[in-house]
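What follows is the content of my_file-v4.cif (mmCIF, C-alpha atoms and all ligand atoms).
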data_final
#
loop_
_atom_site.label_atom_id
_atom_site.label_comp_id
_atom_site.auth_asym_id
_atom_site.auth_seq_id
_atom_site.Cartn_x
_atom_site.Cartn_y
_atom_site.Cartn_z
CA MET H 16 5.52 29.33 -6.31
CA SER H 17 2.40 29.87 -4.14
CA LEU H 18 3.28 26.99 -1.82
CA ALA H 19 3.90 29.03 1.34
CA GLY H 20 1.60 27.96 4.18
CA LYS H 21 0.18 25.02 2.21
CA VAL H 22 -0.17 21.72 4.05
CA VAL H 23 1.64 19.03 2.07
CA ILE H 24 1.87 15.28 2.76
CA VAL H 25 4.86 13.48 1.23
CA THR H 26 4.77 9.69 1.55
CA GLY H 27 8.09 7.86 1.38
CA ALA H 28 9.73 11.02 2.74
CA SER H 29 12.31 8.96 4.63
CA SER H 30 14.53 8.45 1.58
CA GLY H 31 15.46 9.47 -1.95
CA ILE H 32 12.92 11.39 -4.04
CA GLY H 33 10.46 11.81 -1.14
CA ALA H 34 13.14 13.25 1.15
CA ALA H 35 14.20 15.69 -1.58
CA ALA H 36 10.57 16.68 -2.23
CA ALA H 37 9.86 17.25 1.49
CA THR H 38 12.97 19.43 1.74
CA ALA H 39 11.93 21.43 -1.34
CA PHE H 40 8.43 22.04 0.07
CA ALA H 41 10.02 23.19 3.36
CA GLN H 42 12.19 25.59 1.38
CA HIS H 43 9.03 27.00 -0.24
CA GLY H 44 7.44 27.65 3.17
CA SER H 45 4.93 24.79 3.14
CA LYS H 46 3.84 22.91 6.27
CA VAL H 47 5.23 19.47 5.56
CA VAL H 48 3.98 16.08 6.72
CA ILE H 49 6.84 13.63 6.48
CA THR H 50 5.81 10.01 6.50
CA GLY H 51 7.60 6.68 6.04
CA ARG H 52 8.48 3.59 8.05
CA ASN H 53 12.14 4.10 8.95
CA GLU H 54 12.18 6.43 11.96
CA ALA H 55 15.91 7.17 11.86
CA ASN H 56 15.63 8.21 8.21
CA LEU H 57 12.54 10.31 8.97
CA LYS H 58 14.65 12.18 11.55
CA ALA H 59 17.29 12.83 8.89
CA THR H 60 14.63 14.29 6.55
CA GLU H 61 13.26 16.37 9.44
CA ALA H 62 16.76 17.80 9.97
CA ALA H 63 17.16 18.50 6.22
CA CYS H 64 13.81 20.36 6.18
CA LYS H 65 14.84 22.46 9.19
CA ALA H 66 18.19 23.19 7.56
CA ALA H 67 16.33 24.37 4.44
CA ASN H 68 13.93 26.56 6.46
CA SER H 69 14.45 27.05 10.18
CA LYS H 70 10.81 28.21 10.61
CA VAL H 71 9.22 25.24 8.84
CA GLU H 72 6.24 23.55 10.54
CA LEU H 73 6.63 19.78 10.35
CA LEU H 74 4.62 16.72 11.30
CA VAL H 75 6.43 13.38 11.32
CA ILE H 76 4.26 10.27 11.03
CA ALA H 77 5.91 6.86 11.23
CA ALA H 78 3.51 4.76 9.17
CA ASP H 79 3.18 2.05 6.55
CA VAL H 80 1.13 3.23 3.56
CA THR H 81 -0.32 -0.26 3.04
CA THR H 82 -2.00 -0.27 6.47
CA ASP H 83 -2.06 3.31 7.77
CA ALA H 84 -3.54 5.46 4.97
CA GLU H 85 -6.50 6.65 7.05
CA LYS H 86 -4.22 7.44 10.03
CA ILE H 87 -1.88 9.53 7.83
CA ILE H 88 -4.72 11.74 6.58
CA LYS H 89 -6.50 11.96 9.97
CA THR H 90 -3.32 12.86 11.90
CA THR H 91 -2.58 15.58 9.33
CA ILE H 92 -6.07 17.10 9.63
CA ASP H 93 -5.95 16.85 13.45
CA LYS H 94 -2.68 18.82 13.49
CA PHE H 95 -3.12 21.35 10.66
CA GLY H 96 -6.89 21.43 10.05
CA GLN H 97 -6.54 21.18 6.28
CA LEU H 98 -4.72 19.47 3.41
CA ASP H 99 -3.56 21.22 0.22
CA VAL H 100 -1.21 18.76 -1.50
CA LEU H 101 -0.82 14.97 -1.40
CA VAL H 102 2.40 13.56 -2.88
CA ASN H 103 2.01 9.79 -3.31
CA ASN H 104 5.68 8.89 -3.57
CA ALA H 105 6.17 5.73 -1.45
CA GLY H 106 6.88 2.80 -3.70
CA PHE H 107 9.17 -0.11 -4.46
CA GLY H 108 9.72 -2.90 -6.95
CA GLU H 109 10.27 -6.65 -7.11
CA MET H 110 11.88 -8.07 -10.21
CA GLY H 111 11.73 -11.40 -12.01
CA SER H 112 10.51 -13.03 -15.18
CA ILE H 113 6.96 -14.36 -15.21
CA LEU H 114 8.63 -17.80 -15.06
CA ASP H 115 10.01 -16.95 -11.60
CA ILE H 116 7.86 -14.39 -9.82
CA ASP H 117 4.96 -15.44 -7.63
CA VAL H 118 1.63 -13.96 -6.60
CA ASP H 119 2.95 -12.79 -3.21
CA GLN H 120 5.40 -10.52 -5.01
CA PHE H 121 2.59 -9.25 -7.25
CA ASP H 122 0.41 -8.54 -4.19
CA ARG H 123 3.19 -6.76 -2.27
CA VAL H 124 4.02 -4.42 -5.16
CA MET H 125 0.41 -3.69 -6.10
CA ASN H 126 -0.51 -3.11 -2.41
CA THR H 127 2.17 -0.46 -2.01
CA ASN H 128 2.26 1.17 -5.44
CA VAL H 129 -1.45 1.10 -6.31
CA ARG H 130 -3.79 0.06 -3.46
CA SER H 131 -2.23 2.42 -0.89
CA VAL H 132 -2.45 5.29 -3.41
CA PHE H 133 -6.14 4.51 -3.93
CA LEU H 134 -6.74 4.62 -0.16
CA LEU H 135 -4.70 7.77 0.50
CA THR H 136 -6.45 9.50 -2.40
CA LYS H 137 -9.87 8.39 -1.19
CA TYR H 138 -9.28 9.67 2.37
CA ALA H 139 -7.57 12.87 1.16
CA ALA H 140 -10.04 13.83 -1.59
CA PRO H 141 -12.74 15.52 0.58
CA HIS H 142 -10.06 17.67 2.22
CA LEU H 143 -8.48 18.57 -1.14
CA VAL H 144 -11.90 19.58 -2.45
CA LYS H 145 -12.23 22.01 0.48
CA THR H 146 -8.85 23.65 -0.28
CA GLN H 147 -8.96 23.22 -4.09
CA GLY H 148 -5.65 21.43 -3.66
CA ASN H 149 -3.89 18.88 -5.79
CA ILE H 150 -2.19 15.48 -5.96
CA VAL H 151 1.17 14.54 -7.43
CA ASN H 152 1.84 10.82 -7.88
CA VAL H 153 5.36 9.51 -8.31
CA SER H 154 5.12 6.96 -11.07
CA SER H 155 8.02 5.85 -13.32
CA VAL H 156 9.17 5.66 -16.91
CA ALA H 157 8.25 2.00 -16.24
CA GLY H 158 4.61 3.12 -16.42
CA LEU H 159 5.18 4.42 -19.94
CA ARG H 160 7.58 1.80 -21.35
CA SER H 161 8.05 -1.97 -20.87
CA PHE H 162 11.15 -3.66 -19.46
CA PRO H 163 11.90 -7.41 -19.27
CA GLY H 164 11.88 -8.94 -15.78
CA ALA H 165 9.83 -6.04 -14.45
CA SER H 166 6.25 -6.96 -15.32
CA VAL H 167 4.84 -6.41 -11.83
CA TYR H 168 6.57 -3.07 -11.26
CA CYS H 169 5.75 -1.81 -14.79
CA THR H 170 2.12 -2.89 -14.38
CA SER H 171 1.85 -1.13 -11.01
CA LYS H 172 3.18 2.13 -12.45
CA ALA H 173 1.03 1.91 -15.59
CA ALA H 174 -1.96 1.42 -13.27
CA LEU H 175 -0.86 4.46 -11.29
CA ASP H 176 -0.68 6.53 -14.50
CA GLN H 177 -4.20 5.47 -15.48
CA PHE H 178 -5.44 6.11 -11.93
CA THR H 179 -3.89 9.59 -12.17
CA ARG H 180 -5.85 10.36 -15.36
CA CYS H 181 -9.14 8.92 -14.07
CA ILE H 182 -8.97 10.73 -10.73
CA ALA H 183 -8.00 13.92 -12.54
CA LEU H 184 -11.33 13.64 -14.39
CA ASP H 185 -13.27 12.77 -11.22
CA LEU H 186 -11.90 15.79 -9.37
CA ALA H 187 -11.63 18.36 -12.18
CA PRO H 188 -15.19 19.63 -11.59
CA LYS H 189 -14.09 20.40 -8.02
CA ASN H 190 -10.97 22.23 -9.28
CA VAL H 191 -8.62 19.65 -7.76
CA ARG H 192 -5.74 18.80 -10.08
CA VAL H 193 -4.07 15.35 -10.24
CA ASN H 194 -0.77 14.71 -12.04
CA ALA H 195 2.15 12.30 -12.05
CA VAL H 196 5.87 12.46 -12.59
CA ASN H 197 7.58 9.54 -14.35
CA PRO H 198 11.25 9.43 -13.33
CA GLY H 199 13.96 7.57 -15.22
CA VAL H 200 16.90 6.16 -13.25
CA ILE H 201 17.45 8.38 -10.21
CA ILE H 202 20.22 7.82 -7.65
CA THR H 203 18.42 6.71 -4.45
CA GLU H 204 18.16 3.54 -2.37
CA PHE H 205 15.57 2.15 -4.81
CA HIS H 206 17.85 -0.17 -6.81
CA LYS H 207 19.75 -1.41 -3.77
CA ARG H 208 16.41 -2.32 -2.21
CA LEU H 209 15.80 -4.46 -5.29
CA GLY H 210 18.76 -6.51 -4.08
CA MET H 211 21.50 -5.08 -6.33
CA SER H 212 25.01 -5.28 -4.87
CA GLU H 213 27.15 -2.11 -4.83
CA ALA H 214 29.16 -3.51 -7.76
CA ASP H 215 26.07 -4.36 -9.81
CA TYR H 216 24.57 -0.96 -9.01
CA ALA H 217 27.72 0.80 -10.20
CA LYS H 218 27.57 -1.20 -13.46
CA TYR H 219 23.86 -0.42 -13.84
CA LEU H 220 24.45 3.32 -13.40
CA GLU H 221 27.24 3.21 -15.99
CA HIS H 222 25.00 1.30 -18.45
CA SER H 223 22.15 3.74 -17.74
CA LYS H 224 24.16 6.54 -19.37
CA THR H 225 23.38 4.82 -22.67
CA THR H 226 19.66 4.41 -21.94
CA HIS H 227 18.98 8.08 -21.15
CA ALA H 228 19.19 10.47 -24.09
CA LEU H 229 20.94 13.08 -21.94
CA GLY H 230 23.71 10.54 -21.26
CA ARG H 231 23.35 10.45 -17.48
CA VAL H 232 21.08 9.35 -14.66
CA GLY H 233 19.09 11.82 -12.53
CA GLU H 234 19.26 13.25 -9.03
CA PRO H 235 16.33 13.26 -6.55
CA LYS H 236 16.26 17.07 -6.63
CA GLU H 237 15.50 17.02 -10.36
CA VAL H 238 12.32 15.03 -9.64
CA ALA H 239 11.52 17.17 -6.58
CA ASP H 240 11.67 20.32 -8.75
CA ALA H 241 9.01 18.84 -11.07
CA ILE H 242 6.85 17.81 -8.10
CA ILE H 243 7.06 21.40 -6.79
CA PHE H 244 6.01 22.71 -10.22
CA LEU H 245 3.01 20.36 -10.46
CA ALA H 246 1.95 21.11 -6.86
CA SER H 247 2.13 24.88 -7.38
CA ASP H 248 -0.08 27.38 -9.17
CA SER H 249 2.61 27.55 -11.90
CA SER H 250 0.88 24.44 -13.32
CA SER H 251 -2.68 25.71 -12.77
CA PHE H 252 -3.91 24.51 -16.21
CA ILE H 253 -2.28 21.05 -16.01
CA THR H 254 -4.22 18.01 -14.85
CA GLY H 255 -4.18 14.33 -15.78
CA ALA H 256 -0.59 14.66 -17.02
CA THR H 257 2.16 12.06 -16.70
CA LEU H 258 5.42 13.99 -16.97
CA PRO H 259 8.63 12.09 -17.74
CA ILE H 260 11.61 13.29 -15.67
CA ASP H 261 13.95 10.87 -17.32
CA GLY H 262 16.57 12.56 -19.48
CA GLY H 263 14.60 11.47 -22.55
CA LYS H 264 14.54 7.74 -21.70
CA HIS H 265 10.84 7.40 -22.59
CA ALA H 266 11.53 8.77 -26.09
CA MET H 267 14.26 6.24 -26.91
CA CYS H 268 13.96 2.99 -28.83
CA PRO H 269 16.82 0.47 -29.15
CA ARG H 270 18.30 0.11 -32.67
P1 LIG H 301 13.90 4.88 -2.06
O1 LIG H 301 14.00 3.40 -1.90
O2 LIG H 301 15.10 5.71 -1.76
O3 LIG H 301 12.66 5.44 -1.22
C1 LIG H 301 11.44 4.76 -1.20
C2 LIG H 301 10.56 5.38 -0.14
O4 LIG H 301 9.31 4.71 -0.15
C3 LIG H 301 11.15 5.24 1.25
O5 LIG H 301 10.97 6.45 1.96
C4 LIG H 301 10.31 4.15 1.88
O6 LIG H 301 10.11 4.30 3.26
C5 LIG H 301 8.99 4.37 1.19
N1 LIG H 301 8.13 3.20 1.26
C6 LIG H 301 8.19 2.06 0.53
N2 LIG H 301 7.23 1.22 0.93
C7 LIG H 301 6.54 1.82 1.93
C8 LIG H 301 5.46 1.46 2.75
N3 LIG H 301 4.85 0.27 2.63
N4 LIG H 301 5.00 2.34 3.67
C9 LIG H 301 5.60 3.55 3.80
N5 LIG H 301 6.66 3.95 3.07
C10 LIG H 301 7.12 3.10 2.14
O7 LIG H 301 13.47 5.07 -3.57
P2 LIG H 301 13.05 6.34 -4.45
O8 LIG H 301 13.18 7.58 -3.69
O9 LIG H 301 13.78 6.20 -5.71
O10 LIG H 301 11.53 5.97 -4.73
C11 LIG H 301 10.47 6.91 -4.62
C12 LIG H 301 9.46 6.64 -5.72
O11 LIG H 301 10.10 6.88 -6.97
C13 LIG H 301 8.94 5.20 -5.77
O12 LIG H 301 7.55 5.22 -5.99
C14 LIG H 301 9.65 4.61 -6.98
O13 LIG H 301 8.90 3.59 -7.60
C15 LIG H 301 9.78 5.84 -7.87
N6 LIG H 301 10.82 5.75 -8.89
C16 LIG H 301 12.16 5.67 -8.57
C17 LIG H 301 13.12 5.60 -9.56
C18 LIG H 301 14.59 5.53 -9.30
O14 LIG H 301 15.38 5.25 -10.23
N7 LIG H 301 15.05 5.76 -8.08
C19 LIG H 301 12.73 5.60 -10.98
C20 LIG H 301 11.32 5.72 -11.22
C21 LIG H 301 10.42 5.80 -10.20
P3 LIG H 301 10.94 3.51 4.41
O15 LIG H 301 12.34 3.42 3.93
O16 LIG H 301 10.78 4.41 5.60
O17 LIG H 301 10.31 2.21 4.56
#
Could you write out this structure as structure tokens?
Amino acid sequence: MSLAGKVVIVTGASSGIGAAAATAFAQHGSKVVITGRNEANLKATEAACKAANSKVELLVIAADVTTDAEKIIKTTIDKFGQLDVLVNNAGFGEMGSILDIDVDQFDRVMNTNVRSVFLLTKYAAPHLVKTQGNIVNVSSVAGLRSFPGASVYCTSKAALDQFTRCIALDLAPKNVRVNAVNPGVIITEFHKRLGMSEADYAKYLEHSKTTHALGRVGEPKEVADAIIFLASDSSSFITGATLPIDGGKHAMCPR
């Protein structure tokens, strides 16, 4: 897949999709920068990467993407001297009808899901131009479709999709590709972090079988496989794309 020896940053690598993506890059022989806030979880991802490839070169950066974007890029360049792939995966949601949500919730979600991606992209871009590298953003089916009680999250992911297309055009003349994946429901900590109880989460996963055309929810590895494809030369003529990894959820319409 042409990823051996490439320097790859994965944000939100301490859990779920990011942890699976970091492990997949390690398996492909990349030098992987694992970043997130939870240090115990970062250690677990570090161990998974080493289990996947005992010779993998890793850099672990405990950092918050909303405040430490410049540090993440600088520490990577200081250690490896170059950057080939940036995976903007860190993200979260806050739910509520417009009658209930407040501007602090809006700011928190937009800061993490959009503003931090802008900053990481801005600091990474000159290095990606040097290596003719690429960016993969982890968006959501919520960027492509609308869901009640999720206006802030949906708006943040739609903004991320549009940012993906615009930056793809900015960087295409430099041969730097920029794409996004748009997952459907994937089994991670994401929904529990929204405040769902175990019982509600179990019910939600059962209900989700009916909202995904393939009749099931997804696994982090299924998203990681698509990230690997978009980061590799196998997708050398793809840029500005938003690729649903959602068992057909984006194609469905209630009847
Ligand atoms: P998880 O909750 O399992 O993981 C989220 C990751 O994001 C964690 O590693 C977390 O780090 C990190 N993160 C969040 N905020 C920050 C921050 N401010 N600074 C640094 N790291 C941060 O969820 P997923 O793996 O599911 O989520 C990954 C991406 O996938 C998100 O962008 C999400 O929106 C998207 N997505 C997920 C779907 C799903 O059904 N799971 C569906 C569609 C999209 P830490 O724990 O160390 O703080």
Exercise. Within 6 Å of ligand LIG 301 (chain H), counting only C-alpha atoms and all ligand atoms: which residues, as JSON, numbers by chain?
Worked result: {"H": [27, 28, 29, 30, 31, 32, 33, 51, 52, 53, 78, 79, 80, 81, 104, 105, 106, 107, 127, 153, 154, 155, 198, 199, 200, 201, 202, 203, 204, 205]}
Do a neighbour search on segment 208-210 of chain H at 8 Å with all atoms listed in the file, toss out local chain neighbours closer than 6 positions, and write the hits as an mmCIF file with C-alpha atoms, keeping the file's coordinate frame.
data_model
loop_
_atom_site.group_PDB
_atom_site.id
_atom_site.type_symbol
_atom_site.label_atom_id
_atom_site.label_comp_id
_atom_site.auth_asym_id
_atom_site.auth_seq_id
_atom_site.Cartn_x
_atom_site.Cartn_y
_atom_site.Cartn_z
ATOM 1 C CA PHE H 107 9.170 -0.110 -4.460
ATOM 2 C CA GLY H 108 9.720 -2.900 -6.950
ATOM 3 C CA GLU H 109 10.270 -6.650 -7.110
ATOM 4 C CA MET H 110 11.880 -8.070 -10.210
#
For this session: Name the residues in contact with segment 141-147 of chain H at a cut-off of 7 Å, using all atoms listed in the file, excluding same-chain residues fewer than 5 positions from it; report them as a ChimeraX atom specification.
Result: /H:97-99,189-191
May I have the residues from that selection written out with C-alpha atoms, as an mmCIF file, in the coordinates of the input?
data_model
loop_
_atom_site.group_PDB
_atom_site.id
_atom_site.type_symbol
_atom_site.label_atom_id
_atom_site.label_comp_id
_atom_site.auth_asym_id
_atom_site.auth_seq_id
_atom_site.Cartn_x
_atom_site.Cartn_y
_atom_site.Cartn_z
ATOM 1 C CA GLN H 97 -6.540 21.180 6.280
ATOM 2 C CA LEU H 98 -4.720 19.470 3.410
ATOM 3 C CA ASP H 99 -3.560 21.220 0.220
ATOM 4 C CA LYS H 189 -14.090 20.400 -8.020
ATOM 5 C CA ASN H 190 -10.970 22.230 -9.280
ATOM 6 C CA VAL H 191 -8.620 19.650 -7.760
#
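Between atom CA of Val232 of chain H and atom CA of Gly164 of chain H the separation is 20.5 Å.
Excluding Ala165 of chain H and any residue on its chain fewer than 3 positions from it, the residues at most 9 Å away by all atoms listed in the file are Gly108, Glu109, Met110, Gly111, Ser112, Ile113, Ala157, Ser161, Phe162, Tyr168, Cys169 and Thr170 of chain H.
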